[in-house]
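Structure file protein01.cif (mmCIF, C-alpha atoms) is printed below.
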```
data_target
loop_
_atom_site.label_atom_id
_atom_site.label_comp_id
_atom_site.auth_asym_id
_atom_site.auth_seq_id
_atom_site.Cartn_x
_atom_site.Cartn_y
_atom_site.Cartn_z
CA MET A 5 -16.26 -12.20 -24.61
CA ALA A 6 -14.63 -10.16 -21.84
CA SER A 7 -11.32 -11.45 -20.51
CA ALA A 8 -11.51 -12.87 -17.01
CA ALA A 9 -10.21 -10.68 -14.21
CA PRO A 10 -7.31 -12.10 -12.14
CA ASP A 11 -8.36 -13.44 -8.76
CA PRO A 12 -7.66 -10.52 -6.44
CA GLY A 13 -7.60 -12.68 -3.33
CA PHE A 14 -8.98 -11.76 0.09
CA GLY A 15 -6.85 -9.94 2.64
CA LEU A 16 -6.65 -8.73 6.22
CA TYR A 17 -5.09 -5.38 7.10
CA VAL A 18 -4.08 -4.71 10.72
CA HIS A 19 -3.20 -1.12 11.62
CA TRP A 20 -0.74 -0.33 14.40
CA PRO A 21 -0.91 3.46 14.80
CA PHE A 22 2.15 4.19 16.94
CA CYS A 23 5.55 5.56 15.93
CA LEU A 24 8.64 6.72 17.79
CA ALA A 25 8.40 10.07 15.93
CA LYS A 26 6.24 11.67 13.23
CA CYS A 27 8.09 12.02 9.93
CA PRO A 28 7.64 15.44 8.27
CA TYR A 29 6.34 13.96 4.98
CA CYS A 30 3.92 11.46 6.55
CA ASP A 31 0.13 11.90 6.38
CA PHE A 32 -0.68 8.38 7.57
CA ASN A 33 -2.67 7.73 10.74
CA SER A 34 0.36 7.58 13.01
CA HIS A 35 0.79 8.87 16.54
CA VAL A 36 3.55 9.23 19.10
CA ARG A 37 2.71 7.99 22.61
CA ALA A 38 4.89 7.78 25.72
CA GLY A 39 3.50 4.36 26.58
CA VAL A 40 1.16 1.74 25.15
CA ASP A 41 -0.73 -0.88 27.16
CA GLN A 42 0.26 -3.82 24.97
CA GLU A 43 -2.08 -6.38 26.56
CA ARG A 44 -5.06 -4.06 26.20
CA TRP A 45 -4.27 -3.33 22.56
CA ARG A 46 -3.79 -7.01 21.78
CA ARG A 47 -7.22 -7.86 23.19
CA ALA A 48 -8.84 -5.03 21.24
CA LEU A 49 -7.26 -6.01 17.92
CA LEU A 50 -8.44 -9.58 18.40
CA ALA A 51 -11.95 -8.42 19.32
CA GLU A 52 -12.29 -6.33 16.18
CA LEU A 53 -10.81 -9.12 14.07
CA ASP A 54 -13.44 -11.47 15.52
CA HIS A 55 -16.21 -9.00 14.67
CA TYR A 56 -15.28 -8.89 11.00
CA GLY A 57 -14.30 -12.54 10.95
CA ARG A 58 -17.84 -13.50 11.85
CA ARG A 59 -19.17 -11.33 9.00
CA THR A 60 -16.87 -12.93 6.41
CA ALA A 61 -16.60 -16.45 7.82
CA GLY A 62 -15.49 -19.22 5.50
CA ARG A 63 -13.67 -17.12 2.92
CA ARG A 64 -10.19 -18.10 1.75
CA LEU A 65 -7.65 -15.69 3.24
CA THR A 66 -4.67 -15.09 0.96
CA SER A 67 -2.74 -12.30 2.70
CA VAL A 68 -2.24 -10.39 5.95
CA PHE A 69 -0.57 -7.01 6.16
CA PHE A 70 0.54 -5.33 9.40
CA GLY A 71 0.83 -1.64 8.56
CA GLY A 72 1.14 1.62 10.40
CA GLY A 73 2.43 3.59 12.05
CA THR A 74 5.31 1.32 12.90
CA PRO A 75 4.15 -2.29 13.32
CA SER A 76 7.67 -3.38 14.22
CA LEU A 77 7.01 -1.67 17.56
CA MET A 78 4.40 -4.36 18.25
CA PRO A 79 5.46 -7.25 20.47
CA PRO A 80 5.89 -10.42 18.39
CA GLU A 81 3.38 -12.01 20.78
CA THR A 82 0.66 -9.69 19.44
CA VAL A 83 1.48 -10.66 15.86
CA ALA A 84 1.38 -14.34 16.85
CA ALA A 85 -1.99 -13.90 18.58
CA VAL A 86 -3.50 -12.30 15.47
CA LEU A 87 -2.17 -15.00 13.17
CA GLU A 88 -3.34 -17.79 15.46
CA ARG A 89 -6.88 -16.37 15.32
CA LEU A 90 -7.16 -16.48 11.51
CA SER A 91 -8.26 -20.11 11.25
CA HIS A 92 -11.14 -19.47 13.67
CA HIS A 93 -12.89 -17.55 10.89
CA TRP A 94 -11.34 -18.20 7.49
CA LEU A 95 -9.83 -20.88 5.31
CA VAL A 96 -6.16 -19.97 5.43
CA ASP A 97 -4.48 -20.29 2.05
CA PRO A 98 -1.43 -22.61 2.19
CA GLY A 99 0.59 -19.86 0.52
CA LEU A 100 -0.62 -17.13 2.90
CA GLU A 101 1.53 -14.01 2.56
CA VAL A 102 2.13 -12.26 5.90
CA THR A 103 3.82 -8.87 5.57
CA LEU A 104 4.95 -6.63 8.41
CA GLU A 105 6.25 -3.08 7.92
CA ALA A 106 9.43 -2.39 9.88
CA ASN A 107 11.73 0.51 10.58
CA PRO A 108 15.45 -0.26 10.49
CA THR A 109 16.44 1.01 13.90
CA SER A 110 18.58 -1.44 15.80
CA ALA A 111 16.05 -2.03 18.59
CA GLU A 112 13.33 -3.01 16.13
CA ALA A 113 15.59 -5.05 13.88
CA GLU A 114 16.32 -7.34 16.83
CA ARG A 115 12.68 -8.36 16.77
CA PHE A 116 12.81 -9.76 13.24
CA ALA A 117 13.46 -13.32 14.41
CA GLY A 118 10.49 -13.06 16.79
CA PHE A 119 8.21 -11.87 14.00
CA ALA A 120 9.36 -14.73 11.79
CA ALA A 121 8.64 -17.23 14.56
CA ALA A 122 5.16 -15.70 14.91
CA GLY A 123 4.42 -16.39 11.24
CA VAL A 124 5.59 -13.31 9.33
CA ASN A 125 7.11 -14.40 6.03
CA ARG A 126 7.65 -11.00 4.37
CA LEU A 127 9.19 -7.81 5.79
CA SER A 128 8.76 -4.38 4.23
CA ILE A 129 11.50 -2.10 5.54
CA GLY A 130 11.25 1.69 5.60
CA VAL A 131 14.80 2.47 4.51
CA GLN A 132 13.70 5.65 2.62
CA ALA A 133 17.23 6.73 1.64
CA LEU A 134 20.77 5.40 1.40
CA ASP A 135 22.27 8.75 2.29
CA ASP A 136 22.60 10.01 5.86
CA THR A 137 21.99 13.65 4.91
CA ALA A 138 18.81 12.68 3.09
CA LEU A 139 17.68 10.57 6.05
CA ALA A 140 18.08 13.56 8.34
CA PHE A 141 16.11 15.74 5.90
CA LEU A 142 13.32 13.14 5.87
CA GLY A 143 13.21 13.07 9.67
CA ARG A 144 14.29 9.45 9.91
CA ARG A 145 15.84 8.20 13.16
CA HIS A 146 18.13 5.58 11.63
CA SER A 147 21.41 5.77 9.74
CA VAL A 148 22.40 4.16 6.46
CA ALA A 149 24.53 1.67 8.44
CA GLU A 150 21.48 0.65 10.50
CA ALA A 151 19.39 0.34 7.34
CA LEU A 152 21.94 -1.96 5.70
CA GLN A 153 22.11 -4.05 8.87
CA ALA A 154 18.31 -4.35 8.98
CA VAL A 155 18.11 -5.43 5.33
CA GLU A 156 20.72 -8.12 5.93
CA LEU A 157 18.91 -9.30 9.04
CA ALA A 158 15.62 -9.44 7.12
CA ARG A 159 17.30 -11.57 4.47
CA ARG A 160 18.35 -14.05 7.15
CA SER A 161 15.04 -13.95 9.04
CA VAL A 162 12.24 -14.30 6.47
CA PRO A 163 11.79 -15.82 3.01
CA ARG A 164 10.86 -12.52 1.36
CA PHE A 165 11.67 -8.87 1.97
CA SER A 166 11.24 -5.48 0.34
CA PHE A 167 12.34 -1.96 1.19
CA ASP A 168 11.22 1.56 0.38
CA LEU A 169 13.14 4.53 -0.97
CA ILE A 170 11.94 8.09 -1.46
CA TYR A 171 13.35 10.06 -4.40
CA ALA A 172 12.80 13.38 -6.18
CA ARG A 173 14.12 15.08 -3.08
CA ALA A 174 15.05 18.75 -3.30
CA GLY A 175 18.33 19.18 -5.14
CA GLN A 176 18.65 15.48 -5.96
CA ARG A 177 20.73 15.01 -9.10
CA PRO A 178 20.11 12.11 -11.53
CA GLU A 179 23.62 10.71 -11.06
CA ALA A 180 23.21 10.68 -7.28
CA TRP A 181 19.90 8.85 -7.53
CA GLN A 182 21.40 6.33 -9.97
CA ALA A 183 24.19 5.65 -7.50
CA GLU A 184 21.62 5.15 -4.73
CA LEU A 185 19.64 2.76 -6.92
CA ALA A 186 22.79 0.82 -7.76
CA GLN A 187 23.55 0.42 -4.06
CA ALA A 188 19.97 -0.70 -3.42
CA LEU A 189 20.16 -3.32 -6.17
CA GLU A 190 23.45 -4.65 -4.79
CA LEU A 191 21.50 -5.63 -1.67
CA GLY A 192 19.63 -8.19 -3.78
CA PRO A 193 15.99 -7.36 -3.06
CA GLU A 194 13.22 -9.18 -4.89
CA HIS A 195 10.94 -6.14 -4.47
CA LEU A 196 11.50 -2.38 -4.21
CA SER A 197 8.97 0.38 -3.51
CA LEU A 198 10.25 3.66 -4.95
CA TYR A 199 8.13 6.71 -4.15
CA GLN A 200 8.48 10.25 -5.40
CA LEU A 201 8.45 12.73 -2.53
CA THR A 202 5.00 14.32 -2.36
CA ILE A 203 3.96 17.19 -0.12
CA GLU A 204 0.73 16.16 1.58
CA PRO A 205 -1.64 18.54 3.42
CA GLY A 206 -1.38 18.40 7.18
CA THR A 207 2.29 17.40 7.23
CA ALA A 208 5.25 19.38 8.53
CA PHE A 209 6.66 19.51 4.99
CA HIS A 210 3.40 21.03 3.73
CA ALA A 211 3.57 23.78 6.33
CA ALA A 212 7.22 24.45 5.48
CA ALA A 213 6.46 24.57 1.75
CA ARG A 214 3.68 27.10 2.31
CA ARG A 215 6.12 29.29 4.23
CA GLY A 216 8.60 29.04 1.37
CA GLU A 217 11.06 27.14 3.54
CA LEU A 218 11.09 23.85 1.62
CA PRO A 219 12.71 23.78 -1.81
CA LEU A 220 11.03 21.39 -4.24
CA LEU A 221 12.29 19.60 -7.31
CA GLU A 222 10.78 20.91 -10.55
CA GLU A 223 8.17 18.70 -12.25
CA GLU A 224 10.34 18.17 -15.33
CA ALA A 225 13.20 16.91 -13.16
CA GLN A 226 10.79 14.64 -11.29
CA ALA A 227 9.56 13.16 -14.58
CA GLU A 228 13.13 12.50 -15.70
CA LEU A 229 13.89 10.68 -12.47
CA PHE A 230 10.70 8.63 -12.82
CA GLU A 231 11.67 7.51 -16.33
CA ALA A 232 15.26 6.76 -15.34
CA THR A 233 14.05 4.75 -12.34
CA GLY A 234 11.84 2.56 -14.51
CA GLU A 235 14.58 1.94 -17.05
CA THR A 236 17.17 1.06 -14.40
CA LEU A 237 14.92 -1.35 -12.51
CA ARG A 238 13.64 -2.98 -15.70
CA ALA A 239 17.22 -3.60 -16.86
CA ALA A 240 18.00 -5.10 -13.44
CA GLY A 241 15.12 -7.60 -13.73
CA LEU A 242 12.69 -5.77 -11.43
CA PRO A 243 10.14 -4.20 -13.79
CA ALA A 244 7.41 -1.94 -12.46
CA TYR A 245 4.24 -3.91 -11.92
CA GLU A 246 2.64 -0.82 -10.34
CA VAL A 247 3.52 2.86 -10.66
CA SER A 248 5.82 2.87 -7.62
CA ASN A 249 6.51 -0.83 -7.09
CA HIS A 250 9.07 -3.02 -8.81
CA ALA A 251 9.58 -6.75 -8.42
CA ARG A 252 11.11 -9.81 -9.95
CA PRO A 253 8.39 -11.86 -11.68
CA GLY A 254 6.46 -13.75 -9.01
CA ALA A 255 7.71 -11.55 -6.16
CA GLU A 256 4.94 -8.93 -6.31
CA CYS A 257 3.27 -8.00 -3.01
CA ARG A 258 0.16 -10.19 -3.08
CA HIS A 259 -1.64 -8.14 -0.44
CA ASN A 260 -1.25 -4.89 -2.33
CA LEU A 261 -2.35 -6.63 -5.53
CA THR A 262 -5.63 -7.34 -3.72
CA TYR A 263 -6.09 -3.58 -3.27
CA TRP A 264 -5.10 -2.67 -6.80
CA ARG A 265 -7.27 -5.41 -8.33
CA TYR A 266 -10.15 -4.15 -6.17
CA GLY A 267 -10.56 -7.30 -4.16
CA ASP A 268 -12.13 -7.62 -0.73
CA TYR A 269 -10.21 -7.05 2.48
CA VAL A 270 -10.95 -6.63 6.16
CA GLY A 271 -9.44 -3.62 7.92
CA VAL A 272 -8.97 -3.62 11.70
CA GLY A 273 -7.27 -1.10 13.95
CA PRO A 274 -7.54 2.70 14.21
CA GLY A 275 -8.51 4.33 10.93
CA ALA A 276 -8.35 1.08 8.96
CA HIS A 277 -10.47 0.85 5.83
CA GLY A 278 -12.10 -2.28 4.41
CA ARG A 279 -13.95 -3.37 1.26
CA LEU A 280 -16.31 -6.31 1.74
CA THR A 281 -18.74 -7.98 -0.62
CA LEU A 282 -21.60 -9.28 1.53
CA ALA A 283 -24.69 -10.91 0.02
CA GLY A 284 -23.56 -9.65 -3.38
CA VAL A 285 -23.27 -6.03 -2.20
CA LYS A 286 -19.94 -4.17 -1.95
CA ARG A 287 -19.53 -2.29 1.30
CA ALA A 288 -16.98 0.26 2.51
CA THR A 289 -15.94 0.13 6.16
CA ARG A 290 -13.77 2.52 8.16
CA GLN A 291 -12.76 2.36 11.80
CA HIS A 292 -12.47 5.30 14.20
CA ARG A 293 -9.19 7.08 13.55
CA ALA A 294 -8.05 8.32 16.98
CA PRO A 295 -6.27 5.50 18.87
CA GLU A 296 -7.89 6.19 22.25
CA ALA A 297 -11.39 6.57 20.77
CA TRP A 298 -10.91 3.37 18.79
CA LEU A 299 -9.77 1.45 21.86
CA GLN A 300 -12.67 2.62 24.01
CA ARG A 301 -15.27 1.74 21.37
CA VAL A 302 -13.83 -1.72 20.77
CA GLU A 303 -13.89 -2.44 24.48
CA ALA A 304 -17.49 -1.24 24.68
CA LEU A 305 -18.91 -2.68 21.43
CA GLY A 306 -16.47 -5.30 20.13
CA HIS A 307 -15.52 -3.07 17.19
CA ALA A 308 -14.97 0.63 16.44
CA THR A 309 -16.66 0.93 13.06
CA ARG A 310 -17.27 4.54 12.09
CA THR A 311 -18.52 3.90 8.53
CA ASP A 312 -20.21 0.84 7.05
CA GLU A 313 -22.06 1.71 3.87
CA THR A 314 -23.06 0.28 0.53
CA LEU A 315 -20.99 1.48 -2.43
CA PRO A 316 -23.09 2.35 -5.49
CA ARG A 317 -21.84 1.18 -8.86
CA GLY A 318 -20.55 4.60 -9.80
CA GLU A 319 -18.25 4.72 -6.77
CA ARG A 320 -17.17 1.14 -7.33
CA LEU A 321 -16.22 2.00 -10.91
CA ALA A 322 -14.25 5.05 -9.78
CA GLU A 323 -12.34 3.05 -7.17
CA LEU A 324 -11.73 0.18 -9.59
CA VAL A 325 -10.22 2.51 -12.17
CA MET A 326 -8.26 4.64 -9.73
CA MET A 327 -6.64 1.54 -8.25
CA GLY A 328 -6.35 -0.64 -11.34
CA LEU A 329 -4.76 1.87 -13.70
CA ARG A 330 -1.80 2.04 -11.33
CA LEU A 331 -1.01 -1.55 -12.35
CA GLU A 332 1.00 -2.45 -15.43
CA GLU A 333 -1.68 -5.07 -16.20
CA GLY A 334 -4.45 -2.47 -15.95
CA VAL A 335 -8.12 -3.25 -15.34
CA ALA A 336 -9.38 -6.46 -16.92
CA ARG A 337 -12.62 -6.27 -18.88
CA GLY A 338 -14.07 -8.87 -16.56
CA ALA A 339 -13.49 -6.54 -13.61
CA PHE A 340 -15.54 -3.81 -15.33
CA LEU A 341 -18.39 -6.28 -15.75
CA ARG A 342 -18.10 -7.41 -12.12
CA GLU A 343 -18.12 -3.94 -10.57
CA ALA A 344 -20.01 -1.75 -13.07
CA GLY A 345 -22.03 -4.18 -15.15
CA ALA A 346 -20.68 -3.13 -18.56
CA GLU A 347 -17.61 -3.05 -20.81
CA PRO A 348 -15.41 0.07 -20.70
CA GLU A 349 -16.65 1.33 -24.09
CA ALA A 350 -20.16 1.59 -22.63
CA LEU A 351 -19.00 3.29 -19.44
CA PHE A 352 -16.69 6.09 -20.51
CA ASP A 353 -17.28 9.05 -22.77
CA ALA A 354 -16.24 7.82 -26.22
CA ALA A 355 -14.57 11.08 -27.24
CA ARG A 356 -12.50 11.26 -24.06
CA LEU A 357 -11.51 7.62 -24.33
CA GLU A 358 -10.36 8.09 -27.92
CA ARG A 359 -8.41 11.27 -27.13
CA ALA A 360 -6.60 9.50 -24.31
CA ARG A 361 -5.79 6.55 -26.56
CA GLU A 362 -4.48 8.77 -29.36
CA ALA A 363 -2.25 10.66 -26.93
CA GLY A 364 -0.78 7.41 -25.61
CA TYR A 365 -2.26 7.91 -22.15
CA LEU A 366 -4.49 4.82 -22.31
CA VAL A 367 -4.43 1.45 -24.05
CA LEU A 368 -7.68 -0.47 -24.53
CA ASP A 369 -7.51 -3.91 -26.07
CA ALA A 370 -9.33 -7.23 -25.87
CA ALA A 371 -7.92 -7.93 -22.40
CA ALA A 372 -7.89 -4.72 -20.38
CA LEU A 373 -7.79 -0.96 -20.06
CA ARG A 374 -4.25 0.11 -19.16
CA ALA A 375 -2.35 3.33 -18.66
CA GLY A 376 0.22 3.91 -21.37
CA ALA A 377 3.75 5.10 -20.67
CA GLU A 378 2.64 8.73 -20.92
CA GLY A 379 -0.45 8.10 -18.83
CA ARG A 380 1.40 6.56 -15.90
CA GLN A 381 3.22 9.84 -15.34
CA ARG A 382 -0.06 11.78 -15.41
CA LEU A 383 -2.44 9.55 -13.48
CA ASP A 384 -3.34 12.24 -10.93
CA ALA A 385 -4.73 14.42 -13.73
CA LEU A 386 -5.85 11.64 -16.09
CA LEU A 387 -8.11 9.77 -13.66
CA PRO A 388 -10.55 12.55 -12.68
CA TRP A 389 -10.72 13.70 -16.31
CA LEU A 390 -11.54 10.17 -17.53
CA LEU A 391 -14.15 9.63 -14.80
CA GLU A 392 -16.12 12.79 -15.63
CA GLY A 393 -19.46 11.89 -17.17
CA VAL A 394 -19.20 8.11 -16.83
CA ARG A 395 -22.39 6.21 -17.56
CA VAL A 396 -23.04 3.39 -15.11
CA PRO A 397 -26.02 1.05 -15.70
CA GLY A 398 -28.58 1.01 -12.89
#
```

Same coordinates, now as structure tokens:
Amino acid sequence: MASAAPDPGFGLYVHWPFCLAKCPYCDFNSHVRAGVDQERWRRALLAELDHYGRRTAGRRLTSVFFGGGTPSLMPPETVAAVLERLSHHWLVDPGLEVTLEANPTSAEAERFAGFAAAGVNRLSIGVQALDDTALAFLGRRHSVAEALQAVELARRSVPRFSFDLIYARAGQRPEAWQAELAQALELGPEHLSLYQLTIEPGTAFHAAARRGELPLLEEEAQAELFEATGETLRAAGLPAYEVSNHARPGAECRHNLTYWRYGDYVGVGPGAHGRLTLAGVKRATRQHRAPEAWLQRVEALGHATRTDETLPRGERLAELVMMGLRLEEGVARGAFLREAGAEPEALFDAARLERAREAGYLVLDAAALRAGAEGRQRLDALLPWLLEGVRVPG
């Protein structure tokens, strides 16, 4: 009998697309604007939330995530208005997790108390580096001193907080990264998101790399830093529960677990994606990406949906595996049955599955399919190779 899949929960993602500046490594849907009509945007976010709330009415909402862009540029009143609207459509879980991404500039940090009063109970802070030279390289507008102040303020303002760091920067030596990690751990976080620097198409870093103006760390050095990061955080009591995310047991980000466990979530705001199971059918939604186009369509139609389509089982399987193998727990057998209608042995090419198991890239047991230690470092190559020639029942 297949093991039951963990309850992925049901989430709401709210996208705020505006930033003070565009970071050179960022490929997110973020935009710099001289001014934003806050009242107009608040009404539009609520209108689109109502549209999807009516389609998913009565479900138990377990998490809300304000992402961006820079959501800490939102007025706390907008956050409060969104959170007050939740109970109009859904059963709000008593343990609802409400996360807001924040940048640690002084002006935004002063808003933390306002966000907490609005109902935010978890802050995710974009520290990115604990070195002023590295922050300048990454195009960040804050200093290490401001970052430390913001982390301390978050600790005093909300029950839970996390912060991000970017490593594998050009020229970064292992001892320097270990010192940065030690400083991060001294701040006492329950959760850390530690991302290797990647050069994404369409970013300023990508253009610089193509011109030969951006030195990059060699892959072998990146792999060594990845391994050292995992060992250090595990020894400190924050093991990796996902490839780039580390937490004390019980402090995992519940909203992101909904994504990685392939649960349903509503996405509102420019460019937001959603996954909704309606009448037993999984659907993919996506909102218009450009802020002005999104705003105009919401005001005209009540929503700015660009895509709303049924996902066939083959695509559901691919998404399930691509998300779930990032988790330490992997993909439960019950999740394969739920999304693809069969156990993993019947879905994947037997020879490929066995080769991956023998190489230590994958582990398949009575509970789940998981990436092994070797596989976690090679997910970008492993996933498309594994998904070639899958057999999905009609």

Q. For Val396 (chain A), which residue among A:Glu217, A:Glu343, A:Glu378, A:Glu52 is the nearest when counting all atoms listed in the file?
A. A:Glu343

Q: Quote the spacing between CA of Arg47 (chain A) and CA of Val83 (chain A) in Å to one decimal place.
A: 11.7 Å

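Applied to this file, the PyMOL selection byres ((chain A and resi 365) around 7) selects Ala360, Arg361, Ala363, Gly364, Leu366, Ala375, Gly376, Ala377, Glu378 and Gly379 of chain A.
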
Q) CA of Asp31 (chain A) and CA of Glu392 (chain A), how far apart in Å? A) 27.4 Å

Q | Shell around Gly72 (chain A) at 7 Å using only C-alpha atoms, local window under 6 positions removed, as a VMD selection string | A | chain A and resid 19 to 21 34

Q | Target residues per the PyMOL selection byres ((chain A and resi 136) around 9), formatted as JSON, numbers by chain | A | {"A": [133, 134, 135, 137, 138, 139, 140, 141, 146, 147, 148, 149]}

Produce a file of the selected residues containing C-alpha atoms, as a PDB file, keeping the file's coordinate frame.
```pdb
ATOM      1  CA  ALA A 133      17.230   6.730   1.640  1.00  0.00           C
ATOM      2  CA  LEU A 134      20.770   5.400   1.400  1.00  0.00           C
ATOM      3  CA  ASP A 135      22.270   8.750   2.290  1.00  0.00           C
ATOM      4  CA  THR A 137      21.990  13.650   4.910  1.00  0.00           C
ATOM      5  CA  ALA A 138      18.810  12.680   3.090  1.00  0.00           C
ATOM      6  CA  LEU A 139      17.680  10.570   6.050  1.00  0.00           C
ATOM      7  CA  ALA A 140      18.080  13.560   8.340  1.00  0.00           C
ATOM      8  CA  PHE A 141      16.110  15.740   5.900  1.00  0.00           C
ATOM      9  CA  HIS A 146      18.130   5.580  11.630  1.00  0.00           C
ATOM     10  CA  SER A 147      21.410   5.770   9.740  1.00  0.00           C
ATOM     11  CA  VAL A 148      22.400   4.160   6.460  1.00  0.00           C
ATOM     12  CA  ALA A 149      24.530   1.670   8.440  1.00  0.00           C
TER      13      ALA A 149
END
```

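The closest residue to Pro274 (chain A), picked from A:Pro348, A:His35, A:His55, A:Leu16 and counting all atoms listed in the file, is A:His35.
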
**Q.** Two-atom distance - CA of Asn107 (chain A), CA of Ser128 (chain A) (Å)
**A.** 8.5 Å

(Q) Please enumerate the residues selected by the PyMOL selection byres ((chain A and resi 48) around 10) when evaluated against the supplied file, formatted as a PyMOL selection string. (A) chain A and resi 42-47+49-54+272-273+298-303+306-308

List every protein, DNA or RNA residue that has at least one atom no more than 9 Å from (9.0, -9.2, 23.7) in the file's coordinates, counting only C-alpha atoms, and write the result as a PDB file with C-alpha atoms, in the coordinates of the input.
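Ended up saving to result-v9.pdb:
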```pdb
ATOM      1  CA  MET A  78       4.400  -4.360  18.250  1.00  0.00           C
ATOM      2  CA  PRO A  79       5.460  -7.250  20.470  1.00  0.00           C
ATOM      3  CA  PRO A  80       5.890 -10.420  18.390  1.00  0.00           C
ATOM      4  CA  GLU A  81       3.380 -12.010  20.780  1.00  0.00           C
ATOM      5  CA  ARG A 115      12.680  -8.360  16.770  1.00  0.00           C
ATOM      6  CA  GLY A 118      10.490 -13.060  16.790  1.00  0.00           C
TER       7      GLY A 118
END
```

Report as a PDB file with C-alpha atoms, keeping the file's coordinate frame all protein, DNA and RNA residues lying within 12 Å of Ser248 (chain A), evaluated on all atoms listed in the file, omitting residues in the same chain fewer than 2 positions from it.
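Below is the file around-v5.pdb, written as the result:
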```
ATOM      1  CA  PHE A 167      12.340  -1.960   1.190  1.00  0.00           C
ATOM      2  CA  ASP A 168      11.220   1.560   0.380  1.00  0.00           C
ATOM      3  CA  LEU A 169      13.140   4.530  -0.970  1.00  0.00           C
ATOM      4  CA  ILE A 170      11.940   8.090  -1.460  1.00  0.00           C
ATOM      5  CA  TYR A 171      13.350  10.060  -4.400  1.00  0.00           C
ATOM      6  CA  HIS A 195      10.940  -6.140  -4.470  1.00  0.00           C
ATOM      7  CA  LEU A 196      11.500  -2.380  -4.210  1.00  0.00           C
ATOM      8  CA  SER A 197       8.970   0.380  -3.510  1.00  0.00           C
ATOM      9  CA  LEU A 198      10.250   3.660  -4.950  1.00  0.00           C
ATOM     10  CA  TYR A 199       8.130   6.710  -4.150  1.00  0.00           C
ATOM     11  CA  GLN A 200       8.480  10.250  -5.400  1.00  0.00           C
ATOM     12  CA  LEU A 201       8.450  12.730  -2.530  1.00  0.00           C
ATOM     13  CA  PHE A 230      10.700   8.630 -12.820  1.00  0.00           C
ATOM     14  CA  GLU A 231      11.670   7.510 -16.330  1.00  0.00           C
ATOM     15  CA  THR A 233      14.050   4.750 -12.340  1.00  0.00           C
ATOM     16  CA  GLY A 234      11.840   2.560 -14.510  1.00  0.00           C
ATOM     17  CA  LEU A 237      14.920  -1.350 -12.510  1.00  0.00           C
ATOM     18  CA  LEU A 242      12.690  -5.770 -11.430  1.00  0.00           C
ATOM     19  CA  PRO A 243      10.140  -4.200 -13.790  1.00  0.00           C
ATOM     20  CA  ALA A 244       7.410  -1.940 -12.460  1.00  0.00           C
ATOM     21  CA  TYR A 245       4.240  -3.910 -11.920  1.00  0.00           C
ATOM     22  CA  GLU A 246       2.640  -0.820 -10.340  1.00  0.00           C
ATOM     23  CA  HIS A 250       9.070  -3.020  -8.810  1.00  0.00           C
ATOM     24  CA  ALA A 251       9.580  -6.750  -8.420  1.00  0.00           C
ATOM     25  CA  GLU A 256       4.940  -8.930  -6.310  1.00  0.00           C
ATOM     26  CA  ASN A 260      -1.250  -4.890  -2.330  1.00  0.00           C
ATOM     27  CA  ARG A 330      -1.800   2.040 -11.330  1.00  0.00           C
ATOM     28  CA  LEU A 331      -1.010  -1.550 -12.350  1.00  0.00           C
ATOM     29  CA  GLU A 332       1.000  -2.450 -15.430  1.00  0.00           C
ATOM     30  CA  ARG A 380       1.400   6.560 -15.900  1.00  0.00           C
ATOM     31  CA  GLN A 381       3.220   9.840 -15.340  1.00  0.00           C
TER      32      GLN A 381
END
```

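Distance check against Ala322 (chain A) using only C-alpha atoms: of A:Tyr56, A:Leu390, A:Ala304, A:Gly175, the minimum falls on A:Leu390.
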
Q) For Trp389 (chain A), which residue out of A:Asp353, A:Glu150, A:Asp41, A:Glu222 is the nearest one, using all atoms listed in the file? A)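 Residue with the minimum atom-to-atom distance to Trp389 (chain A): A:Asp353.
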
(Q) List the spatial neighbours of Arg310 (chain A) as a PyMOL selection string - criterion: any atom at most 10 Å away, only C-alpha atoms, same-chain residues fewer than 5 positions off excluded. (A) chain A and resi 275+277+289-293+298+301

Q.
Which residue is closest to Pro397 (chain A)? Choose from A:Cys30, A:Ala38, A:Leu152, A:Ala346 and count only C-alpha atoms.
A. A:Ala346

Q.
Under the rule that all atoms listed in the file are counted, which of A:Ala212, A:Gly123, A:Cys23, A:Gly13 is the nearest residue to Tyr263 (chain A)?
A.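 Using all atoms listed in the file, the shortest distance to Tyr263 (chain A) belongs to A:Gly13.
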
Please return the centre and edge lengths, in Å to one decimal, of a box with edges along x, y and z that contains all listed atoms of region 202-216 of chain A, widened by 3 Å on every side, as lines of an AutoDock Vina configuration file.
```
center_x = 3.5
center_y = 21.8
center_z = 3.1
size_x = 16.2
size_y = 21.0
size_z = 16.9
```

Q.
Taking 5 positions as the minimum chain separation for residues in the same chain, which residues sit within 8 Å of Ser161 (chain A) when counting all atoms listed in the file? Answer as a list in words.
A.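 So the residues in contact are Phe116, Ala117 and Ala120 of chain A.
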
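Residues within 10 Å of Asp369 (chain A), counting all atoms listed in the file and excluding same-chain residues fewer than 3 positions away, are Ala336, Arg337, Leu366, Ala372, Leu373 and Arg374 of chain A.
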